[in-house]
$ cat upload.cif   # mmCIF, C-alpha atoms
data_start
loop_
_atom_site.label_atom_id
_atom_site.label_comp_id
_atom_site.auth_asym_id
_atom_site.auth_seq_id
_atom_site.Cartn_x
_atom_site.Cartn_y
_atom_site.Cartn_z
CA MET A 159 136.24 -1.00 68.84
CA SER A 160 139.55 -0.22 67.25
CA VAL A 161 140.62 -2.74 64.67
CA SER A 162 143.76 -2.89 62.62
CA PHE A 163 142.72 -3.38 59.01
CA PRO A 164 146.23 -4.21 57.77
CA GLU A 165 146.50 -6.88 60.49
CA ILE A 166 143.11 -8.47 59.67
CA TYR A 167 143.92 -8.21 55.96
CA GLU A 168 147.08 -10.26 56.52
CA GLN A 169 145.16 -12.81 58.60
CA VAL A 170 142.50 -13.27 55.92
CA LYS A 171 145.20 -13.41 53.24
CA ALA A 172 146.79 -16.29 55.10
CA GLN A 173 143.54 -18.25 54.44
CA LEU A 174 143.91 -18.01 50.65
CA GLY A 175 144.09 -21.39 49.01
CA LYS A 176 142.97 -23.27 52.12
CA THR A 177 139.76 -25.28 51.91
CA ARG A 178 137.61 -26.04 54.92
CA ARG A 179 134.97 -28.75 54.82
CA ILE A 180 131.83 -27.97 56.77
CA PRO A 181 129.06 -30.59 57.17
CA PHE A 182 125.64 -29.23 56.15
CA GLY A 183 123.79 -32.36 57.16
CA VAL A 184 121.03 -34.31 55.47
CA ILE A 185 118.60 -32.30 53.33
CA ASN A 186 115.34 -32.41 55.20
CA ARG A 187 112.12 -32.38 53.23
CA ARG A 188 110.24 -30.28 55.75
CA ASP A 189 112.99 -27.63 55.79
CA VAL A 190 113.03 -27.42 52.00
CA GLU A 191 109.25 -27.05 51.89
CA ARG A 192 109.33 -24.46 54.66
CA PHE A 193 111.87 -22.47 52.67
CA ALA A 194 109.53 -22.51 49.65
CA PHE A 195 106.60 -21.45 51.87
CA ALA A 196 108.71 -18.66 53.38
CA VAL A 197 109.50 -17.35 49.89
CA ASP A 198 105.81 -17.87 49.03
CA ASP A 199 106.78 -19.86 45.94
CA PRO A 200 104.19 -22.64 45.43
CA ASN A 201 106.00 -24.28 42.48
CA PRO A 202 104.90 -27.96 42.59
CA LEU A 203 108.48 -29.01 41.71
CA PHE A 204 109.26 -28.21 45.38
CA PHE A 205 106.36 -30.18 46.89
CA ASP A 206 105.07 -32.87 44.55
CA ASP A 207 107.22 -35.95 43.85
CA ALA A 208 105.01 -37.19 41.00
CA PHE A 209 105.02 -33.77 39.33
CA ALA A 210 108.80 -33.52 39.69
CA ARG A 211 109.27 -37.05 38.26
CA ALA A 212 107.08 -36.13 35.29
CA HIS A 213 109.60 -33.38 34.57
CA GLY A 214 112.78 -35.41 34.77
CA TYR A 215 113.67 -35.30 38.47
CA SER A 216 114.00 -38.23 40.87
CA SER A 217 111.71 -36.51 43.41
CA ALA A 218 110.67 -33.03 44.57
CA ILE A 219 113.60 -30.59 44.46
CA ALA A 220 114.81 -27.85 46.77
CA PRO A 221 114.36 -24.24 45.62
CA PRO A 222 117.61 -23.26 43.87
CA LEU A 223 118.68 -20.71 46.51
CA TYR A 224 117.97 -23.01 49.46
CA LEU A 225 121.53 -24.23 50.11
CA SER A 226 123.26 -20.89 49.74
CA SER A 227 120.62 -18.99 51.76
CA VAL A 228 120.98 -20.95 54.99
CA LEU A 229 123.40 -18.98 57.15
CA GLY A 230 124.04 -21.50 59.89
CA TRP A 231 124.46 -25.21 59.44
CA GLU A 232 124.95 -26.18 63.03
CA SER A 233 122.60 -26.30 66.02
CA GLY A 234 124.13 -23.24 67.65
CA PRO A 235 125.54 -20.79 68.33
CA PRO A 236 124.17 -20.50 71.88
CA GLN A 237 122.32 -17.30 72.68
CA ASN A 238 125.04 -15.90 74.93
CA SER A 239 127.51 -15.93 72.05
CA LEU A 240 125.41 -13.68 69.81
CA ALA A 241 126.47 -10.08 69.21
CA PRO A 242 124.07 -7.24 70.18
CA ASP A 243 122.88 -7.03 66.56
CA GLY A 244 121.81 -10.68 66.72
CA ASN A 245 124.56 -12.01 64.47
CA PRO A 246 126.87 -14.79 65.60
CA ARG A 247 130.12 -13.34 66.94
CA GLY A 248 132.10 -15.96 65.15
CA ASP A 249 131.03 -15.36 61.58
CA GLU A 250 129.68 -18.44 59.74
CA THR A 251 132.79 -18.42 57.65
CA ALA A 252 134.94 -18.49 60.82
CA LEU A 253 137.31 -16.02 59.17
CA PRO A 254 139.62 -14.11 61.52
CA LEU A 255 137.74 -10.82 61.06
CA GLY A 256 138.35 -9.36 64.50
CA GLY A 257 134.74 -8.27 65.01
CA LEU A 258 134.30 -6.56 61.64
CA ARG A 259 130.76 -6.55 60.27
CA VAL A 260 130.12 -8.46 57.07
CA MET A 261 127.35 -7.48 54.68
CA GLY A 262 126.09 -9.83 52.01
CA GLY A 263 125.18 -8.23 48.73
CA GLY A 264 124.42 -10.98 46.31
CA GLN A 265 125.84 -14.22 45.00
CA GLU A 266 126.82 -15.90 41.76
CA LEU A 267 125.57 -19.47 41.54
CA GLU A 268 126.01 -22.43 39.23
CA PHE A 269 123.54 -25.28 39.62
CA HIS A 270 125.13 -28.57 38.64
CA ARG A 271 122.65 -31.14 39.96
CA PRO A 272 119.19 -30.95 41.53
CA VAL A 273 119.09 -30.98 45.32
CA THR A 274 116.61 -33.46 46.78
CA ALA A 275 115.58 -34.53 50.27
CA GLY A 276 117.76 -37.21 51.86
CA MET A 277 121.02 -36.04 50.30
CA GLU A 278 123.89 -35.66 52.73
CA VAL A 279 125.66 -32.41 51.87
CA VAL A 280 129.09 -31.03 52.68
CA ILE A 281 130.40 -27.54 51.95
CA GLU A 282 133.92 -26.82 50.78
CA PHE A 283 134.61 -23.27 51.81
CA SER A 284 137.54 -21.18 50.60
CA VAL A 285 138.69 -17.59 50.27
CA SER A 286 139.68 -16.82 46.69
CA ASN A 287 140.77 -13.18 47.09
CA VAL A 288 140.96 -10.36 49.60
CA GLU A 289 141.54 -6.65 48.97
CA LEU A 290 142.05 -3.79 51.41
CA LYS A 291 140.24 -0.70 50.08
CA GLN A 292 139.52 2.83 51.20
CA GLY A 293 135.75 3.40 51.24
CA ARG A 294 133.84 6.65 51.76
CA SER A 295 133.41 5.91 55.46
CA GLY A 296 136.82 4.40 56.11
CA PRO A 297 138.79 1.30 55.26
CA LEU A 298 137.10 -1.93 54.25
CA LEU A 299 138.00 -5.41 53.15
CA VAL A 300 136.48 -6.95 50.04
CA ILE A 301 136.67 -10.72 50.40
CA GLN A 302 135.84 -13.16 47.61
CA LEU A 303 134.40 -16.34 49.09
CA GLN A 304 133.65 -19.58 47.35
CA LYS A 305 131.38 -22.32 48.64
CA LYS A 306 131.02 -25.60 46.85
CA PHE A 307 128.11 -27.74 47.95
CA LEU A 308 128.68 -31.45 47.30
CA THR A 309 127.11 -34.73 48.25
CA LYS A 310 129.18 -36.73 50.71
CA ASP A 311 130.20 -38.89 47.74
CA GLY A 312 131.70 -35.84 46.06
CA ALA A 313 129.05 -35.02 43.43
CA LEU A 314 129.00 -31.25 42.91
CA LEU A 315 125.56 -29.71 43.49
CA VAL A 316 126.01 -25.93 43.62
CA THR A 317 128.95 -23.55 43.29
CA CYS A 318 128.47 -20.22 45.05
CA ARG A 319 130.76 -17.21 44.76
CA GLU A 320 130.21 -13.99 46.64
CA ASN A 321 131.94 -10.79 47.59
CA ALA A 322 131.70 -10.03 51.28
CA VAL A 323 132.44 -6.50 52.43
CA ALA A 324 133.86 -6.34 55.95
CA ARG A 325 134.01 -2.97 57.71
CA MET B 16 102.17 -21.93 36.94
CA ASN B 17 102.42 -22.32 33.20
CA ALA B 18 99.86 -24.68 31.77
CA ARG B 19 101.93 -24.88 28.61
CA GLN B 20 105.67 -25.58 28.65
CA LEU B 21 107.89 -22.86 27.18
CA CYS B 22 110.28 -24.21 24.56
CA PHE B 23 113.58 -22.92 23.23
CA GLU B 24 111.97 -22.19 19.85
CA ASP B 25 109.43 -19.88 21.56
CA VAL B 26 111.99 -17.31 22.65
CA ALA B 27 114.39 -14.87 20.98
CA VAL B 28 116.60 -12.06 22.15
CA GLY B 29 114.24 -9.45 23.55
CA THR B 30 111.50 -11.88 24.65
CA ALA B 31 110.10 -10.63 27.98
CA ILE B 32 109.85 -12.74 31.13
CA THR B 33 106.33 -12.87 32.58
CA PRO B 34 106.43 -10.22 35.36
CA LEU B 35 106.01 -11.36 38.98
CA ILE B 36 104.83 -9.02 41.73
CA LYS B 37 105.80 -9.71 45.36
CA ARG B 38 104.63 -7.81 48.45
CA PRO B 39 106.83 -8.86 51.37
CA THR B 40 105.34 -8.66 54.87
CA THR B 41 106.86 -8.66 58.36
CA VAL B 42 105.59 -12.24 58.80
CA GLN B 43 107.30 -13.32 55.60
CA LEU B 44 110.60 -11.77 56.71
CA PHE B 45 110.32 -13.46 60.09
CA ARG B 46 109.73 -16.86 58.55
CA PHE B 47 112.57 -16.42 56.06
CA SER B 48 114.98 -15.45 58.86
CA ALA B 49 113.82 -18.41 60.93
CA MET B 50 114.19 -20.83 58.04
CA THR B 51 117.70 -19.65 57.17
CA TRP B 52 118.83 -19.40 60.84
CA ASN B 53 119.48 -15.68 60.37
CA SER B 54 119.22 -13.88 63.71
CA HIS B 55 120.37 -10.46 62.46
CA LYS B 56 118.02 -7.94 64.09
CA ILE B 57 117.96 -5.78 60.98
CA HIS B 58 115.41 -8.26 59.57
CA PHE B 59 112.94 -8.38 62.49
CA ASP B 60 113.52 -5.51 64.96
CA LYS B 61 112.20 -2.21 63.58
CA PRO B 62 113.72 0.09 66.26
CA TYR B 63 117.07 -1.60 65.68
CA ALA B 64 116.78 -1.17 61.88
CA GLN B 65 115.87 2.49 62.43
CA SER B 66 118.94 2.92 64.67
CA GLU B 67 120.96 1.82 61.63
CA GLY B 68 119.29 4.52 59.56
CA TYR B 69 116.67 2.42 57.73
CA PRO B 70 112.93 3.19 57.65
CA ASP B 71 111.92 -0.38 58.60
CA ILE B 72 113.25 -3.94 58.78
CA LEU B 73 115.02 -5.07 55.61
CA VAL B 74 114.05 -7.78 53.14
CA GLN B 75 116.88 -10.34 53.25
CA SER B 76 119.38 -10.41 50.40
CA HIS B 77 118.45 -14.02 49.55
CA LEU B 78 114.71 -13.34 49.72
CA HIS B 79 115.13 -10.69 47.00
CA GLY B 80 117.13 -13.29 45.05
CA SER B 81 114.43 -15.92 45.61
CA PHE B 82 111.74 -13.61 44.20
CA LEU B 83 113.70 -13.31 40.96
CA VAL B 84 114.32 -17.08 40.85
CA GLN B 85 110.56 -17.60 41.23
CA ALA B 86 109.90 -15.21 38.34
CA VAL B 87 112.33 -16.94 35.99
CA MET B 88 111.30 -20.50 36.96
CA ASP B 89 107.59 -19.72 36.57
CA TRP B 90 108.31 -18.29 33.13
CA ALA B 91 110.55 -21.19 32.09
CA GLY B 92 108.04 -23.84 33.18
CA PRO B 93 108.68 -27.11 35.00
CA ALA B 94 110.74 -28.67 32.20
CA GLY B 95 113.09 -25.65 32.18
CA ARG B 96 116.30 -25.93 34.19
CA LEU B 97 117.90 -23.00 36.00
CA VAL B 98 121.63 -23.62 35.52
CA GLY B 99 123.08 -20.26 36.59
CA PHE B 100 121.91 -17.24 38.56
CA ARG B 101 123.50 -14.16 40.04
CA TRP B 102 122.09 -11.09 41.75
CA GLN B 103 123.24 -7.92 43.48
CA ASN B 104 121.46 -6.01 46.22
CA ARG B 105 121.47 -2.30 45.29
CA ALA B 106 118.50 -0.70 47.08
CA ILE B 107 116.66 -1.93 50.16
CA GLY B 108 113.25 -3.56 50.31
CA ILE B 109 110.93 -3.25 53.32
CA PRO B 110 107.56 -4.77 54.31
CA GLY B 111 104.74 -3.14 52.38
CA ASP B 112 106.83 -2.54 49.28
CA THR B 113 105.52 -3.73 45.95
CA LEU B 114 108.47 -5.44 44.28
CA THR B 115 108.07 -6.17 40.58
CA CYS B 116 110.36 -8.72 38.95
CA THR B 117 110.80 -8.40 35.21
CA GLY B 118 113.35 -9.48 32.64
CA LYS B 119 114.18 -10.20 29.07
CA VAL B 120 116.16 -12.68 27.05
CA VAL B 121 119.57 -11.33 26.06
CA LYS B 122 121.13 -14.41 24.47
CA THR B 123 120.07 -17.75 23.01
CA GLU B 124 122.43 -20.62 22.35
CA LEU B 125 122.13 -24.15 21.00
CA ARG B 126 124.96 -26.21 22.37
CA ASP B 127 125.45 -30.00 22.25
CA GLY B 128 121.82 -30.41 21.22
CA LEU B 129 120.52 -28.41 24.20
CA GLY B 130 118.88 -24.98 24.14
CA TYR B 131 120.06 -22.31 26.58
CA VAL B 132 118.81 -18.78 27.13
CA GLU B 133 120.35 -16.01 29.19
CA CYS B 134 118.12 -13.41 30.79
CA GLU B 135 118.74 -10.06 32.41
CA LEU B 136 116.38 -9.55 35.32
CA GLU B 137 115.38 -6.65 37.54
CA GLU B 138 113.47 -6.21 40.75
CA ARG B 139 112.10 -2.67 41.17
CA ASN B 140 110.01 -1.14 43.95
CA GLN B 141 106.83 0.95 43.65
CA LYS B 142 108.97 4.07 43.15
CA ASN B 143 110.64 2.33 40.18
CA GLU B 144 113.97 2.22 42.04
CA LEU B 145 116.19 -0.66 40.99
CA CYS B 146 116.52 -2.88 44.08
CA VAL B 147 118.17 -5.88 42.45
CA PRO B 148 119.75 -6.45 39.04
CA ALA B 149 120.14 -10.14 38.26
CA TRP B 150 121.05 -12.59 35.51
CA ALA B 151 119.92 -16.13 34.85
CA ARG B 152 120.89 -18.94 32.50
CA VAL B 153 118.13 -21.42 31.75
CA GLN B 154 118.02 -24.60 29.72
CA LEU B 155 114.74 -24.91 27.83
CA PRO B 156 113.40 -28.03 26.11
CA LEU B 157 113.48 -28.16 22.31
CA ARG B 158 110.08 -28.45 20.67
CA ALA B 159 111.60 -30.79 18.11
CA GLU B 160 112.62 -33.18 20.91
CA ARG B 161 109.30 -33.00 22.71
CA SER B 162 107.26 -33.88 19.63
CA LYS B 163 109.20 -37.10 18.97
#

$ encode --input "upload.cif" --output "structure tokens"
Amino acid sequence: MSVSFPEIYEQVKAQLGKTRRIPFGVINRRDVERFAFAVDDPNPLFFDDAFARAHGYSSAIAPPLYLSSVLGWESGPPQNSLAPDGNPRGDETALPLGGLRVMGGGQELEFHRPVTAGMEVVIEFSVSNVELKQGRSGPLLVIQLQKKFLTKDGALLVTCRENAVAR
Amino acid sequence: MNARQLCFEDVAVGTAITPLIKRPTTVQLFRFSAMTWNSHKIHFDKPYAQSEGYPDILVQSHLHGSFLVQAVMDWAGPAGRLVGFRWQNRAIGIPGDTLTCTGKVVKTELRDGLGYVECELEERNQKNELCVPAWARVQLPLRAERSK
């Protein structure tokens, strides 16, 4: 596929300063516990309400990386819209990337409030910077993304910043 | 889990985090992909991962991160609060690897009556290659407060 990096760069740049709100949904206790089981982290703070209350929480909490690890917040995408590598064709961020591949490589997180089952969460997604660079194997875009996870009443839960490399 | 709660007064710059060893398996990677709705074949389809030049399916970026979070939370105890965390994926992890998470305190700070420590963390594989450097900021209870 031939893609025009300068063109995509301009399209991503046009997103700077815009915030999109994406509904995450209600934090489901089973999902949070499954995440902890998948990590194989048996910390009782994630499973035991009484234990969590004894340590200052209102109930069992989600593992800290739960919110920022979940890649898709909706039911789909349907199978026929997946790319051959299994990724959604429309990236989760819905950035106009023209089919470029995005690799995650880490995140920077601030935890403002504990995340507990029953909370209704929304994500405020924005692009804070984009740079067009020349890598060893060709051009690439380095995109700084910011996701703020809030309750539907606006209480900030987690701030997540990451650099996505699109090539 | 810690039977005894770590307190701010217990740590100083240089104090080591209790090491945590993780051995990811194909089943663990499958369940983590399923849980995070991550259908990228690089995490469950070995021939596909090999076609991308890797020896096996890859441990997910956030699973590496979660191992280091587990290490720091186990060390900090249930009354500790993780308030900040960042990590970078440098080298790959694959099923069968032995990934050792270690760390040490690099800063302590009393602010507004609360005790905070900052830790530099590392996840290394059995060949001692650095897979993930990370950093965490943790609030620890003050012994003085707990004994009141």

$ resolve_selection --input "upload.cif" --expression "the PyMOL selection byres ((chain B and resi 158-160) around 12)" --output "ChimeraX atom specification"
/B:19-26,94,128-130,155-157,161-163

$ atom_distance --input "upload.cif" --atom1 "atom CA of A:Leu290" --atom2 "atom CA of B:Phe100"
27.4 Å

$ interface_residues --input "upload.cif" --of "chain B" --to "chain A" --cutoff "7 Å" --atoms "all atoms listed in the file" --output "ChimeraX atom specification"
/B:43,46-47,50-56,76-78,81,85,93-94,98-104

$ resolve_selection --input "upload.cif" --expression "the PyMOL selection byres ((chain A and resi 295-312) around 7)" --output "compact mmCIF listing (two decimals) with C-alpha atoms, keeping the file's coordinate frame"
# COMPACT_ATOMS: atom_id res chain seq x y z
CA MET A 277 121.02 -36.04 50.30
CA GLU A 278 123.89 -35.66 52.73
CA VAL A 279 125.66 -32.41 51.87
CA VAL A 280 129.09 -31.03 52.68
CA ILE A 281 130.40 -27.54 51.95
CA GLU A 282 133.92 -26.82 50.78
CA PHE A 283 134.61 -23.27 51.81
CA SER A 284 137.54 -21.18 50.60
CA VAL A 285 138.69 -17.59 50.27
CA SER A 286 139.68 -16.82 46.69
CA ASN A 287 140.77 -13.18 47.09
CA VAL A 288 140.96 -10.36 49.60
CA GLU A 289 141.54 -6.65 48.97
CA LEU A 290 142.05 -3.79 51.41
CA LYS A 291 140.24 -0.70 50.08
CA GLN A 292 139.52 2.83 51.20
CA GLY A 293 135.75 3.40 51.24
CA ARG A 294 133.84 6.65 51.76
CA ALA A 313 129.05 -35.02 43.43
CA LEU A 314 129.00 -31.25 42.91
CA LEU A 315 125.56 -29.71 43.49
CA VAL A 316 126.01 -25.93 43.62
CA THR A 317 128.95 -23.55 43.29
CA CYS A 318 128.47 -20.22 45.05
CA ARG A 319 130.76 -17.21 44.76
CA GLU A 320 130.21 -13.99 46.64
CA ASN A 321 131.94 -10.79 47.59
CA ALA A 322 131.70 -10.03 51.28
CA VAL A 323 132.44 -6.50 52.43
CA ALA A 324 133.86 -6.34 55.95
CA ARG A 325 134.01 -2.97 57.71

$ axis_aligned_box --input "upload.cif" --around "stretch 56-74 of chain B" --padding-each-side "6 Å" --output "lines of an AutoDock Vina configuration file"
center_x = 116.4
center_y = -1.9
center_z = 59.7
size_x = 21.0
size_y = 24.9
size_z = 25.1

$ atom_distance --input "upload.cif" --atom1 "atom CA of B:Lys61" --atom2 "atom CA of B:Gly108"
13.4 Å

$ build_atoms --input "upload.cif" --residues "stretch 135-160 of chain B" --atoms "N, CA and C atoms" --output "short mmCIF file (atom, residue, chain, number, x, y, z; two decimals), in the frame of the given file"
data_model
loop_
_atom_site.label_atom_id
_atom_site.label_comp_id
_atom_site.auth_asym_id
_atom_site.auth_seq_id
_atom_site.Cartn_x
_atom_site.Cartn_y
_atom_site.Cartn_z
N GLU B 135 118.46 -11.11 31.44
CA GLU B 135 118.74 -10.06 32.41
C GLU B 135 117.45 -9.76 33.15
N LEU B 136 117.55 -9.69 34.47
CA LEU B 136 116.38 -9.55 35.32
C LEU B 136 116.52 -8.32 36.19
N GLU B 137 115.37 -7.80 36.63
CA GLU B 137 115.38 -6.65 37.54
C GLU B 137 114.25 -6.81 38.55
N GLU B 138 114.53 -6.38 39.77
CA GLU B 138 113.47 -6.21 40.75
C GLU B 138 113.43 -4.73 41.10
N ARG B 139 112.27 -4.10 40.87
CA ARG B 139 112.10 -2.67 41.17
C ARG B 139 110.96 -2.48 42.17
N ASN B 140 111.07 -1.43 42.97
CA ASN B 140 110.01 -1.14 43.95
C ASN B 140 108.96 -0.22 43.33
N GLN B 141 107.96 0.15 44.15
CA GLN B 141 106.83 0.95 43.65
C GLN B 141 107.25 2.35 43.23
N LYS B 142 108.47 2.77 43.63
CA LYS B 142 108.97 4.07 43.15
C LYS B 142 109.85 3.90 41.91
N ASN B 143 109.85 2.69 41.37
CA ASN B 143 110.64 2.33 40.18
C ASN B 143 112.15 2.38 40.44
N GLU B 144 112.54 2.31 41.72
CA GLU B 144 113.97 2.22 42.04
C GLU B 144 114.43 0.79 41.81
N LEU B 145 115.63 0.67 41.24
CA LEU B 145 116.19 -0.66 40.99
C LEU B 145 116.72 -1.22 42.31
N CYS B 146 116.06 -2.24 42.84
CA CYS B 146 116.52 -2.88 44.08
C CYS B 146 117.57 -3.94 43.76
N VAL B 147 117.30 -4.75 42.74
CA VAL B 147 118.17 -5.88 42.45
C VAL B 147 118.30 -6.09 40.94
N PRO B 148 119.50 -5.92 40.38
CA PRO B 148 119.75 -6.45 39.04
C PRO B 148 120.19 -7.91 39.16
N ALA B 149 119.80 -8.73 38.19
CA ALA B 149 120.14 -10.14 38.26
C ALA B 149 120.30 -10.70 36.85
N TRP B 150 120.79 -11.91 36.79
CA TRP B 150 121.05 -12.59 35.51
C TRP B 150 120.78 -14.07 35.72
N ALA B 151 120.19 -14.69 34.73
CA ALA B 151 119.92 -16.13 34.85
C ALA B 151 120.25 -16.83 33.54
N ARG B 152 120.68 -18.06 33.66
CA ARG B 152 120.89 -18.94 32.50
C ARG B 152 119.97 -20.14 32.69
N VAL B 153 119.16 -20.40 31.66
CA VAL B 153 118.13 -21.42 31.75
C VAL B 153 118.24 -22.35 30.56
N GLN B 154 118.12 -23.64 30.82
CA GLN B 154 118.02 -24.60 29.72
C GLN B 154 116.54 -24.85 29.45
N LEU B 155 116.13 -24.67 28.20
CA LEU B 155 114.74 -24.91 27.83
C LEU B 155 114.65 -26.12 26.91
N PRO B 156 113.55 -26.88 27.01
CA PRO B 156 113.40 -28.03 26.11
C PRO B 156 113.23 -27.58 24.66
N LEU B 157 113.64 -28.43 23.74
CA LEU B 157 113.48 -28.16 22.31
C LEU B 157 112.14 -28.74 21.87
N ARG B 158 111.38 -27.97 21.14
CA ARG B 158 110.08 -28.45 20.67
C ARG B 158 110.27 -29.69 19.80
N ALA B 159 111.32 -29.67 18.99
CA ALA B 159 111.60 -30.79 18.11
C ALA B 159 111.75 -32.08 18.91
N GLU B 160 112.41 -31.99 20.06
CA GLU B 160 112.62 -33.18 20.91
C GLU B 160 111.32 -33.63 21.55
#
